[in-house]
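The file work_20.cif contains mmCIF, C-alpha atoms:
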```
data_structure
#
loop_
_atom_site.label_atom_id
_atom_site.label_comp_id
_atom_site.auth_asym_id
_atom_site.auth_seq_id
_atom_site.Cartn_x
_atom_site.Cartn_y
_atom_site.Cartn_z
CA MET A 1226 96.13 78.54 -88.99
CA ASN A 1227 97.22 81.71 -90.82
CA ALA A 1228 94.06 81.80 -92.89
CA ASP A 1229 93.38 83.74 -96.10
CA GLN A 1230 90.03 84.97 -94.79
CA PRO A 1231 88.89 86.32 -91.44
CA LEU A 1232 87.61 83.44 -89.34
CA THR A 1233 83.93 82.62 -88.98
CA ARG A 1234 82.48 82.29 -85.49
CA ASP A 1235 82.76 78.52 -85.72
CA GLN A 1236 86.39 78.69 -86.83
CA MET A 1237 87.18 81.04 -83.94
CA ALA A 1238 85.64 78.55 -81.52
CA GLU A 1239 87.74 75.81 -83.12
CA VAL A 1240 90.96 77.78 -82.60
CA VAL A 1241 90.11 78.26 -78.92
CA ALA A 1242 89.26 74.58 -78.47
CA ARG A 1243 92.53 73.47 -80.07
CA ASP A 1244 94.48 75.65 -77.61
CA ILE A 1245 92.99 74.10 -74.46
CA PRO A 1246 95.49 71.69 -72.85
CA ALA A 1247 94.37 68.07 -72.50
CA GLY A 1248 92.71 67.25 -69.20
CA SER A 1249 91.85 70.86 -68.35
CA TYR A 1250 88.95 71.95 -66.19
CA VAL A 1251 87.27 74.65 -68.25
CA ASN A 1252 84.45 77.16 -67.88
CA LEU A 1253 82.87 78.52 -71.05
CA GLY A 1254 80.98 81.81 -70.70
CA ILE A 1255 77.46 82.44 -71.91
CA GLY A 1256 76.99 83.18 -75.62
CA GLN A 1257 79.66 82.66 -78.23
CA PRO A 1258 82.18 80.90 -75.90
CA THR A 1259 79.62 78.10 -75.48
CA LYS A 1260 80.38 77.11 -79.10
CA VAL A 1261 83.90 76.06 -78.07
CA ALA A 1262 82.43 72.88 -76.58
CA ASN A 1263 81.48 71.72 -80.10
CA TYR A 1264 85.16 71.56 -81.06
CA LEU A 1265 86.66 69.83 -78.02
CA ARG A 1266 87.86 66.37 -79.03
CA PRO A 1267 86.84 63.46 -76.78
CA ASP A 1268 90.50 62.47 -76.47
CA GLN A 1269 91.26 65.95 -75.09
CA GLY A 1270 89.59 64.84 -71.86
CA VAL A 1271 88.40 68.35 -71.01
CA ILE A 1272 85.97 68.59 -68.09
CA LEU A 1273 83.46 71.44 -68.32
CA HIS A 1274 82.44 73.42 -65.25
CA THR A 1275 79.19 75.33 -65.06
CA GLU A 1276 78.83 78.02 -62.40
CA ASN A 1277 75.43 76.79 -61.28
CA GLY A 1278 77.00 73.76 -59.67
CA MET A 1279 78.29 71.02 -61.96
CA LEU A 1280 81.52 69.52 -63.24
CA GLY A 1281 81.34 67.18 -66.20
CA MET A 1282 78.63 69.04 -68.08
CA GLY A 1283 77.59 67.37 -71.33
CA PRO A 1284 76.10 68.81 -74.55
CA GLU A 1285 72.77 70.61 -74.77
CA ALA A 1286 69.79 68.36 -74.07
CA HIS A 1287 67.08 67.72 -76.65
CA GLY A 1288 63.68 66.03 -76.57
CA ASP A 1289 63.40 63.37 -73.89
CA GLU A 1290 66.81 64.28 -72.48
CA VAL A 1291 65.52 67.62 -71.16
CA ASP A 1292 65.44 67.72 -67.35
CA HIS A 1293 64.35 71.03 -65.81
CA ASP A 1294 66.73 70.49 -62.88
CA LEU A 1295 69.76 70.22 -65.18
CA VAL A 1296 70.75 73.47 -66.90
CA ASN A 1297 73.87 75.45 -67.76
CA ALA A 1298 74.79 79.02 -66.78
CA GLY A 1299 72.65 80.31 -69.63
CA LYS A 1300 69.74 78.30 -68.16
CA ILE A 1301 69.68 76.03 -71.24
CA PRO A 1302 68.94 72.33 -70.51
CA VAL A 1303 72.11 70.23 -70.74
CA THR A 1304 73.14 66.61 -70.22
CA GLN A 1305 75.48 64.97 -67.74
CA THR A 1306 78.56 62.87 -68.47
CA PRO A 1307 79.91 59.82 -66.60
CA GLY A 1308 81.86 61.05 -63.58
CA CYS A 1309 80.02 64.35 -63.33
CA SER A 1310 79.36 65.91 -59.95
CA PHE A 1311 76.93 68.43 -58.45
CA PHE A 1312 77.70 70.94 -55.70
CA HIS A 1313 76.31 74.11 -54.18
CA HIS A 1314 77.09 77.65 -55.27
CA ALA A 1315 79.75 78.46 -52.67
CA ASP A 1316 81.74 75.37 -53.72
CA SER A 1317 81.19 76.16 -57.39
CA PHE A 1318 82.57 79.66 -56.97
CA ALA A 1319 85.40 78.41 -54.75
CA MET A 1320 86.49 76.44 -57.83
CA MET A 1321 86.70 79.72 -59.75
CA ARG A 1322 87.86 82.08 -57.04
CA GLY A 1323 90.37 79.66 -55.56
CA GLY A 1324 92.24 79.28 -58.86
CA HIS A 1325 91.21 75.67 -59.49
CA LEU A 1326 89.89 76.12 -63.04
CA ASP A 1327 92.57 75.88 -65.71
CA VAL A 1328 90.89 77.96 -68.39
CA CYS A 1329 87.87 80.19 -68.75
CA VAL A 1330 86.67 81.63 -72.03
CA LEU A 1331 84.60 84.81 -71.94
CA GLY A 1332 83.04 87.22 -74.39
CA ALA A 1333 83.95 90.92 -74.17
CA TYR A 1334 82.98 94.44 -75.14
CA GLN A 1335 86.62 95.51 -74.82
CA VAL A 1336 90.01 94.20 -73.72
CA SER A 1337 92.88 96.57 -72.93
CA ALA A 1338 96.53 96.18 -73.91
CA THR A 1339 97.31 95.26 -70.29
CA GLY A 1340 94.56 92.64 -70.08
CA ASP A 1341 91.79 94.65 -68.42
CA LEU A 1342 88.42 93.15 -69.30
CA ALA A 1343 85.09 94.92 -69.88
CA ASN A 1344 82.23 92.51 -70.55
CA TRP A 1345 79.39 93.03 -68.07
CA HIS A 1346 77.83 96.46 -68.47
CA THR A 1347 77.48 99.01 -71.23
CA GLY A 1348 77.49 101.77 -68.63
CA ARG A 1349 74.45 103.37 -70.28
CA PRO A 1350 72.17 104.66 -67.53
CA GLU A 1351 69.04 103.21 -69.17
CA ASP A 1352 70.49 99.67 -69.14
CA ILE A 1353 69.80 97.52 -66.09
CA PRO A 1354 73.19 96.11 -65.06
CA ALA A 1355 73.70 92.36 -64.52
CA VAL A 1356 77.05 90.87 -63.61
CA GLY A 1357 76.47 87.17 -62.85
CA GLY A 1358 79.71 85.26 -62.43
CA ALA A 1359 81.79 87.35 -64.85
CA MET A 1360 83.92 89.12 -62.24
CA ASP A 1361 84.66 85.89 -60.37
CA LEU A 1362 85.61 84.02 -63.52
CA ALA A 1363 87.77 86.85 -64.85
CA VAL A 1364 90.10 86.94 -61.86
CA GLY A 1365 89.87 83.35 -60.66
CA ALA A 1366 90.87 81.04 -63.52
CA LYS A 1367 94.52 80.15 -64.15
CA ARG A 1368 94.09 81.41 -67.71
CA THR A 1369 91.38 83.86 -68.78
CA ALA A 1370 90.84 83.93 -72.53
CA VAL A 1371 88.49 86.18 -74.47
CA LEU A 1372 86.65 85.20 -77.63
CA MET A 1373 85.25 88.19 -79.53
CA SER A 1374 85.05 89.87 -82.92
CA LEU A 1375 87.96 92.32 -83.25
CA LEU A 1376 85.82 95.19 -84.47
CA THR A 1377 82.55 96.75 -83.35
CA ARG A 1378 79.72 97.08 -85.86
CA ASP A 1379 81.03 100.53 -86.80
CA GLY A 1380 84.59 99.32 -87.26
CA GLN A 1381 86.19 100.34 -83.96
CA SER A 1382 88.78 98.00 -82.45
CA LYS A 1383 87.64 96.23 -79.27
CA LEU A 1384 91.30 95.73 -78.36
CA VAL A 1385 92.05 99.14 -76.86
CA GLU A 1386 94.68 101.03 -74.88
CA GLN A 1387 92.23 101.64 -72.05
CA CYS A 1388 88.69 100.30 -71.69
CA SER A 1389 85.96 102.92 -71.90
CA TYR A 1390 83.28 100.46 -70.72
CA PRO A 1391 83.03 99.62 -66.98
CA LEU A 1392 85.66 97.04 -66.00
CA THR A 1393 85.00 93.42 -65.10
CA GLY A 1394 88.56 92.75 -63.95
CA VAL A 1395 91.99 94.38 -63.97
CA GLY A 1396 94.89 92.80 -65.88
CA CYS A 1397 93.20 89.40 -65.98
CA VAL A 1398 93.10 88.48 -69.71
CA SER A 1399 96.07 86.66 -71.21
CA ARG A 1400 94.70 85.58 -74.61
CA VAL A 1401 92.31 87.19 -77.05
CA TYR A 1402 90.87 85.14 -79.89
CA THR A 1403 89.30 87.19 -82.68
CA ASP A 1404 88.26 86.82 -86.30
CA TYR A 1405 91.36 88.67 -87.56
CA ALA A 1406 94.06 87.49 -85.15
CA THR A 1407 94.98 85.63 -81.98
CA PHE A 1408 96.66 87.90 -79.43
CA LEU A 1409 98.77 86.96 -76.41
CA ILE A 1410 98.84 89.62 -73.69
CA GLU A 1411 102.19 89.42 -71.94
CA PRO A 1412 104.11 91.68 -69.53
CA ASP A 1413 106.06 93.30 -72.39
CA GLY A 1414 103.02 93.98 -74.57
CA VAL A 1415 100.49 92.51 -76.96
CA HIS A 1416 101.90 89.75 -79.17
CA VAL A 1417 100.21 88.61 -82.37
CA ARG A 1418 100.43 84.84 -82.74
CA GLU A 1419 98.38 84.38 -85.91
CA THR A 1420 96.51 86.56 -88.36
CA TYR A 1421 93.53 85.61 -90.51
CA GLY A 1422 92.85 87.33 -93.81
CA VAL A 1423 95.09 90.31 -93.00
CA ASP A 1424 98.83 90.80 -92.61
CA PHE A 1425 100.54 92.21 -89.55
CA ALA A 1426 100.69 95.75 -90.96
CA ASP A 1427 96.94 95.71 -91.75
CA LEU A 1428 96.23 94.46 -88.25
CA GLN A 1429 98.36 97.16 -86.62
CA GLN A 1430 96.33 99.73 -88.52
CA MET A 1431 93.03 98.14 -87.45
CA VAL A 1432 93.87 98.28 -83.73
CA GLY A 1433 95.32 101.79 -84.00
CA ALA A 1434 96.96 102.95 -80.80
CA VAL A 1435 97.71 99.51 -79.32
CA ARG A 1436 101.31 98.70 -80.25
CA LEU A 1437 101.54 95.09 -81.44
CA ILE A 1438 104.51 92.73 -81.40
CA ASP A 1439 104.77 90.41 -84.42
CA ARG A 1440 105.16 86.74 -83.51
CA THR A 1441 103.39 85.33 -86.55
CA ALA A 1442 106.61 83.92 -87.99
CA ALA A 1443 107.41 81.99 -84.81
CA MET B 13 64.85 71.53 -32.45
CA SER B 14 64.21 69.34 -35.45
CA ALA B 15 62.04 70.52 -38.32
CA THR B 16 58.27 70.77 -38.26
CA ILE B 17 56.51 68.89 -41.03
CA CYS B 18 53.74 71.16 -42.30
CA ALA B 19 50.56 70.06 -44.04
CA THR B 20 50.26 73.19 -46.19
CA THR B 21 52.51 75.91 -47.60
CA ALA B 22 50.38 78.48 -45.71
CA GLU B 23 51.29 76.80 -42.44
CA ALA B 24 54.95 76.60 -43.47
CA VAL B 25 55.35 80.33 -44.23
CA ALA B 26 53.08 81.68 -41.47
CA GLY B 27 54.56 84.50 -39.41
CA ILE B 28 56.98 86.06 -41.94
CA ALA B 29 57.01 89.70 -40.83
CA ASP B 30 56.79 92.82 -42.99
CA GLY B 31 60.28 94.16 -43.68
CA SER B 32 61.94 90.73 -43.47
CA THR B 33 65.04 89.83 -45.45
CA VAL B 34 64.14 86.69 -47.37
CA MET B 35 66.65 84.49 -49.18
CA ILE B 36 65.08 82.61 -52.07
CA GLY B 37 66.89 79.66 -53.62
CA GLY B 38 67.17 78.96 -57.32
CA PHE B 39 69.22 79.79 -60.37
CA GLY B 40 66.52 80.98 -62.69
CA SER B 41 63.87 78.32 -62.45
CA PRO B 42 65.76 75.24 -61.13
CA GLY B 43 65.62 75.29 -57.35
CA GLN B 44 63.16 78.17 -57.15
CA PRO B 45 60.51 77.34 -54.51
CA VAL B 46 57.52 78.63 -56.47
CA GLU B 47 54.83 77.24 -54.15
CA LEU B 48 56.45 78.73 -51.03
CA ILE B 49 56.72 82.12 -52.77
CA GLU B 50 53.05 81.97 -53.73
CA ALA B 51 52.18 81.22 -50.11
CA LEU B 52 54.35 84.18 -49.03
CA ILE B 53 52.41 86.43 -51.43
CA ASP B 54 49.17 85.16 -49.87
CA THR B 55 50.34 86.20 -46.37
CA GLY B 56 50.38 89.82 -47.52
CA ALA B 57 53.91 90.42 -46.16
CA ARG B 58 55.47 93.53 -47.67
CA GLY B 59 58.54 95.73 -47.52
CA LEU B 60 60.67 92.63 -48.12
CA THR B 61 64.32 92.49 -49.09
CA VAL B 62 64.84 89.53 -51.40
CA VAL B 63 68.25 87.86 -51.72
CA SER B 64 68.40 85.60 -54.76
CA ASN B 65 70.61 85.03 -57.79
CA ASN B 66 68.02 86.48 -60.18
CA ALA B 67 65.17 88.95 -59.84
CA GLY B 68 62.49 86.68 -61.22
CA ASN B 69 61.64 85.43 -64.66
CA GLY B 70 58.30 84.94 -66.34
CA ASP B 71 55.23 85.78 -64.25
CA HIS B 72 55.49 83.39 -61.34
CA GLY B 73 57.57 82.91 -58.22
CA ILE B 74 59.91 85.83 -57.50
CA ALA B 75 58.54 87.71 -60.51
CA ALA B 76 55.02 87.62 -59.01
CA LEU B 77 56.30 88.72 -55.59
CA ILE B 78 57.85 91.80 -57.23
CA ARG B 79 54.82 92.45 -59.45
CA GLU B 80 52.56 92.43 -56.39
CA GLY B 81 54.66 95.23 -54.88
CA ARG B 82 55.91 93.23 -51.88
CA VAL B 83 59.62 93.79 -52.49
CA ASP B 84 61.46 97.01 -51.59
CA LYS B 85 64.95 95.77 -52.40
CA VAL B 86 66.57 92.98 -54.38
CA ILE B 87 70.12 91.76 -53.69
CA CYS B 88 71.15 89.64 -56.68
CA SER B 89 73.80 89.03 -59.34
CA PHE B 90 71.79 88.82 -62.54
CA PRO B 91 68.47 90.68 -62.64
CA ARG B 92 68.32 91.28 -66.39
CA GLN B 93 67.01 88.39 -68.45
CA SER B 94 64.90 88.07 -71.56
CA ASP B 95 61.81 87.47 -69.40
CA SER B 96 62.52 89.59 -66.31
CA HIS B 97 59.76 92.04 -67.22
CA CYS B 98 58.24 92.20 -63.72
CA PHE B 99 61.54 93.31 -62.19
CA ASP B 100 62.41 95.58 -65.12
CA ALA B 101 59.11 97.48 -64.78
CA ALA B 102 59.39 97.86 -61.00
CA TYR B 103 63.03 98.94 -61.23
CA ARG B 104 62.43 101.51 -63.96
CA ALA B 105 59.46 102.87 -62.01
CA GLY B 106 61.75 103.34 -58.98
CA LYS B 107 59.68 100.94 -56.88
CA VAL B 108 62.47 98.49 -56.11
CA GLU B 109 66.08 99.13 -55.10
CA LEU B 110 68.82 96.93 -56.59
CA GLU B 111 72.06 95.86 -54.91
CA LEU B 112 74.05 94.16 -57.65
CA VAL B 113 76.59 91.64 -56.33
CA PRO B 114 79.01 89.46 -58.32
CA GLN B 115 77.67 85.92 -58.10
CA GLY B 116 80.66 84.50 -56.24
CA ASN B 117 80.50 87.34 -53.73
CA LEU B 118 76.80 86.66 -53.29
CA ALA B 119 77.48 82.98 -52.59
CA GLU B 120 80.44 83.65 -50.31
CA ARG B 121 78.67 86.44 -48.40
CA ILE B 122 75.79 84.04 -47.74
CA ARG B 123 78.24 81.29 -46.75
CA ALA B 124 80.05 83.73 -44.46
CA ALA B 125 76.79 84.52 -42.66
CA SER B 126 76.10 80.83 -42.20
CA ALA B 127 79.54 80.26 -40.67
CA GLY B 128 79.57 83.30 -38.39
CA ILE B 129 82.29 85.09 -40.38
CA GLY B 130 82.31 88.89 -40.02
CA GLY B 131 83.79 89.69 -43.44
CA PHE B 132 86.36 88.49 -45.96
CA PHE B 133 88.79 89.85 -48.54
CA THR B 134 88.31 88.76 -52.17
CA PRO B 135 89.96 89.81 -55.43
CA THR B 136 86.59 89.65 -57.24
CA GLY B 137 85.46 93.10 -58.26
CA TYR B 138 88.71 94.87 -57.39
CA GLY B 139 89.12 97.98 -59.56
CA THR B 140 85.50 97.87 -60.77
CA MET B 141 82.47 100.03 -60.02
CA LEU B 142 80.99 97.26 -57.86
CA ALA B 143 83.84 97.75 -55.39
CA GLU B 144 83.57 101.55 -55.22
CA GLY B 145 83.61 102.83 -51.65
CA LYS B 146 84.69 99.48 -50.21
CA GLU B 147 87.81 98.89 -48.14
CA VAL B 148 90.69 97.42 -50.16
CA ARG B 149 93.86 95.78 -48.93
CA GLN B 150 96.93 94.29 -50.55
CA ILE B 151 97.84 90.89 -49.11
CA ASP B 152 100.95 89.09 -50.41
CA GLY B 153 100.96 91.33 -53.48
CA VAL B 154 97.31 90.74 -54.43
CA ASP B 155 94.62 93.44 -54.23
CA TYR B 156 91.50 92.47 -52.31
CA VAL B 157 88.12 94.03 -51.51
CA LEU B 158 86.42 93.66 -48.11
CA GLU B 159 82.99 92.04 -48.35
CA HIS B 160 80.46 91.57 -45.56
CA PRO B 161 78.13 88.67 -44.82
CA ILE B 162 74.50 88.66 -45.95
CA ARG B 163 72.18 87.39 -43.23
CA ALA B 164 68.48 86.73 -43.57
CA ASP B 165 65.44 86.37 -41.37
CA VAL B 166 64.01 83.67 -43.58
CA ALA B 167 65.22 81.33 -46.36
CA LEU B 168 62.80 79.71 -48.80
CA VAL B 169 64.45 76.66 -50.31
CA LYS B 170 63.45 73.91 -52.71
CA ALA B 171 65.06 70.51 -52.19
CA HIS B 172 64.31 67.07 -53.59
CA ARG B 173 63.71 64.94 -50.50
CA ALA B 174 63.58 65.47 -46.75
CA ASP B 175 63.31 63.04 -43.89
CA ARG B 176 61.07 63.82 -40.93
CA LEU B 177 63.94 65.45 -39.03
CA GLY B 178 64.54 67.89 -41.91
CA ASN B 179 67.69 66.39 -43.45
CA LEU B 180 67.76 67.34 -47.14
CA VAL B 181 69.01 66.04 -50.45
CA TYR B 182 68.80 68.00 -53.70
CA ARG B 183 68.54 67.16 -57.37
CA LYS B 184 71.17 68.00 -60.02
CA THR B 185 71.75 71.73 -60.67
CA ALA B 186 68.63 72.63 -58.67
CA ARG B 187 70.87 72.43 -55.59
CA ASN B 188 72.58 75.78 -56.40
CA PHE B 189 71.95 78.28 -53.55
CA GLY B 190 69.75 76.00 -51.41
CA PRO B 191 72.35 74.58 -48.99
CA ILE B 192 74.09 77.91 -48.25
CA MET B 193 70.83 79.84 -47.84
CA ALA B 194 69.43 77.14 -45.57
CA SER B 195 72.37 77.63 -43.23
CA ALA B 196 72.48 81.45 -43.40
CA ALA B 197 68.91 82.32 -42.38
CA THR B 198 67.41 82.50 -38.89
CA ARG B 199 64.46 80.47 -40.12
CA THR B 200 64.58 78.05 -43.07
CA ILE B 201 61.45 76.85 -44.81
CA VAL B 202 61.81 74.06 -47.35
CA GLN B 203 59.59 72.53 -49.98
CA VAL B 204 60.45 69.03 -51.16
CA GLU B 205 58.93 66.59 -53.59
CA GLU B 206 58.91 63.80 -51.03
CA ILE B 207 59.18 63.40 -47.27
CA VAL B 208 60.62 60.02 -46.26
CA GLU B 209 60.93 58.32 -42.90
CA THR B 210 63.85 59.31 -40.73
CA GLY B 211 66.71 56.95 -41.48
CA ALA B 212 65.66 56.39 -45.08
CA LEU B 213 68.21 58.91 -46.47
CA ASP B 214 71.78 57.65 -46.71
CA PRO B 215 73.68 59.75 -44.12
CA GLU B 216 76.66 59.86 -46.52
CA VAL B 217 74.70 61.83 -49.11
CA ILE B 218 72.72 64.25 -46.95
CA VAL B 219 73.62 67.75 -48.19
CA THR B 220 71.78 69.94 -45.70
CA PRO B 221 71.73 68.50 -42.16
CA SER B 222 68.48 68.96 -40.23
CA ILE B 223 69.95 71.54 -37.82
CA PHE B 224 69.55 74.17 -40.55
CA VAL B 225 65.89 73.39 -41.32
CA ASP B 226 62.79 74.67 -39.52
CA GLN B 227 59.71 73.86 -41.63
CA VAL B 228 59.22 71.30 -44.38
CA VAL B 229 56.26 70.92 -46.69
CA ALA B 230 55.77 68.36 -49.45
CA ILE B 231 54.82 69.58 -52.94
CA VAL B 232 54.55 66.40 -54.95
CA ASP B 233 54.55 67.94 -58.41
CA PRO B 234 56.14 71.38 -58.10
CA ALA B 235 55.66 74.07 -60.73
CA ASP B 236 58.46 75.38 -62.91
CA ALA B 237 58.85 79.13 -62.43
CA GLU B 238 58.87 79.78 -66.15
CA GLU B 239 55.96 77.54 -67.04
CA SER B 240 53.70 77.32 -64.02
CA ALA B 241 50.10 78.40 -64.04
#
```
Would you encode the structure as structure tokens?
Amino acid sequence: MNADQPLTRDQMAEVVARDIPAGSYVNLGIGQPTKVANYLRPDQGVILHTENGMLGMGPEAHGDEVDHDLVNAGKIPVTQTPGCSFFHHADSFAMMRGGHLDVCVLGAYQVSATGDLANWHTGRPEDIPAVGGAMDLAVGAKRTAVLMSLLTRDGQSKLVEQCSYPLTGVGCVSRVYTDYATFLIEPDGVHVRETYGVDFADLQQMVGAVRLIDRTAA
Amino acid sequence: MSATICATTAEAVAGIADGSTVMIGGFGSPGQPVELIEALIDTGARGLTVVSNNAGNGDHGIAALIREGRVDKVICSFPRQSDSHCFDAAYRAGKVELELVPQGNLAERIRAASAGIGGFFTPTGYGTMLAEGKEVRQIDGVDYVLEHPIRADVALVKAHRADRLGNLVYRKTARNFGPIMASAATRTIVQVEEIVETGALDPEVIVTPSIFVDQVVAIVDPADAEESA
């Protein structure tokens, strides 16, 4: 969709969901990536993995469905689907680290033009760091995608030449879904697949130093 | 030796020494053995190193152990949560040391200890500040970081059912770290909701075999770490 307006958070999640190949095993990170699940079609046959030991995770649980022994990585109660399975943490992370997951979708503070990811720590000394499964997911999935707003609150591009925040993984991101564009990070540079509410020239100006390759006509 | 069935949590945790490294199961609240942790607090043991995914949430379980000043060091992946105030206060006051470990490294380092592995190379963390100072090696064109096993003196684990030998089954995502911690510690203490007769658990579905279990105590209606009184 080359939209006339920047995408809303829900529309961004929809774009990500549409891009996930049928039958994929997928891990959705905490926060905004969780929304992607709302836009997966049943006929897509996607199986969701949660790092705390489950394949075949269903939607969030409500009311009588809530079971305190059944939660997602964000510790929110969820449901199970037919054919789901439970396993311990070493097996769960072997699924990530061993390259068995097809796609993971993560949030980010910054992504570099070569696919470096920064999403776990602000680096501010007063902040208590917490990493969780971010570093395992970033380097382990067959495809690591990022879902984020393109700009910070003060208008700086989060797609950067070099990350200034502490890294989560090196050269691991291959797609970046944002409100203004979808980017493909490839060996020859950053390609723009679609833009939303801006044209390619506007977008190039927004990201500044990162040189973009226009593929919007393709 | 097969497991000892204990009548009380006090009996189950007796003898945990000051300065012990204690693995505590759970991912947030599911799988966190709140009653065993409370019994550990009651023993007065201090100077503990706690290995767990989180550093406690709410005011019970691991959070209470930290609040009571029993923990010198926490090895975990995700200490910061909306309700991790007990850890946050102790950390900011310099009372507890933090070793932050990516979650998959935490799991694999525990698994390595359980299997007698002396170390392993993993791509997780390569090029990040969590790999600073660690040995790196390129194998078949991929950059890896050397990680060492995490062993423990004691594991506190919550499972769903045990038989009288100590074979365990778990429930849903409360399984999480339980099986790997049970096999990585010198002594494993388990709370379960029900103890059944030996032979009553289907051998095909036993997750933790009895060889890894030392003490078992039944807590029929266990507390939730976030909600318990």
Counting all atoms listed in the file, what is within 12 Å of Val154 (chain B), bar same-chain residues fewer than 2 positions away, as a compact mmCIF listing (two decimals) with C-alpha atoms, keeping the file's coordinate frame?
```
# COMPACT_ATOMS: atom_id res chain seq x y z
CA VAL A 1364 90.10 86.94 -61.86
CA VAL A 1395 91.99 94.38 -63.97
CA GLY A 1396 94.89 92.80 -65.88
CA PHE B 133 88.79 89.85 -48.54
CA THR B 134 88.31 88.76 -52.17
CA PRO B 135 89.96 89.81 -55.43
CA THR B 136 86.59 89.65 -57.24
CA TYR B 138 88.71 94.87 -57.39
CA VAL B 148 90.69 97.42 -50.16
CA ARG B 149 93.86 95.78 -48.93
CA GLN B 150 96.93 94.29 -50.55
CA ILE B 151 97.84 90.89 -49.11
CA ASP B 152 100.95 89.09 -50.41
CA TYR B 156 91.50 92.47 -52.31
CA VAL B 157 88.12 94.03 -51.51
```
Give me, as a tab-separated table, each residue of region 137-179 of chain B that comes within 12 Å of region 228-237 of chain B, together with its shortest interatomic pair and the distance in Å at one decimal, counting all atoms listed in the file, with rows ordered by chain and rising residue number.
```
residue	atom	partner	partner_atom	distance
B:Ala167	CA	B:Val228	CA	11.9
B:Leu168	CA	B:Val228	CA	10.2
B:Val169	CA	B:Val228	CA	9.6
B:Lys170	CA	B:Pro234	CA	9.4
B:Ala171	CA	B:Val228	CA	9.8
B:His172	CA	B:Ala230	CA	9.6
B:Arg173	CA	B:Ala230	CA	8.7
B:Ala174	CA	B:Val228	CA	7.7
B:Asp175	CA	B:Val228	CA	9.2
B:Arg176	CA	B:Val228	CA	8.4
B:Leu177	CA	B:Val228	CA	9.2
B:Gly178	CA	B:Val228	CA	6.8
B:Asn179	CA	B:Val228	CA	9.8
```
Distance in Å - CA of Asp54 (chain B) versus CA of Gly68 (chain B): 17.6 Å
Distance-based interface of chain A with chain B, 9 Å, counting only C-alpha atoms, as a count of residues only: 42
Hits from the PyMOL selection byres ((chain B and resi 61) around 10), listed as an NGL selection string: :B and (30-35 or 58-60 or 62-64 or 82-87 or 108-110 or 164-165)
Ref. answer, residues at most 12 Å from (84.5, 81.3, -80.4) with only C-alpha atoms, as a count of residues only: 41
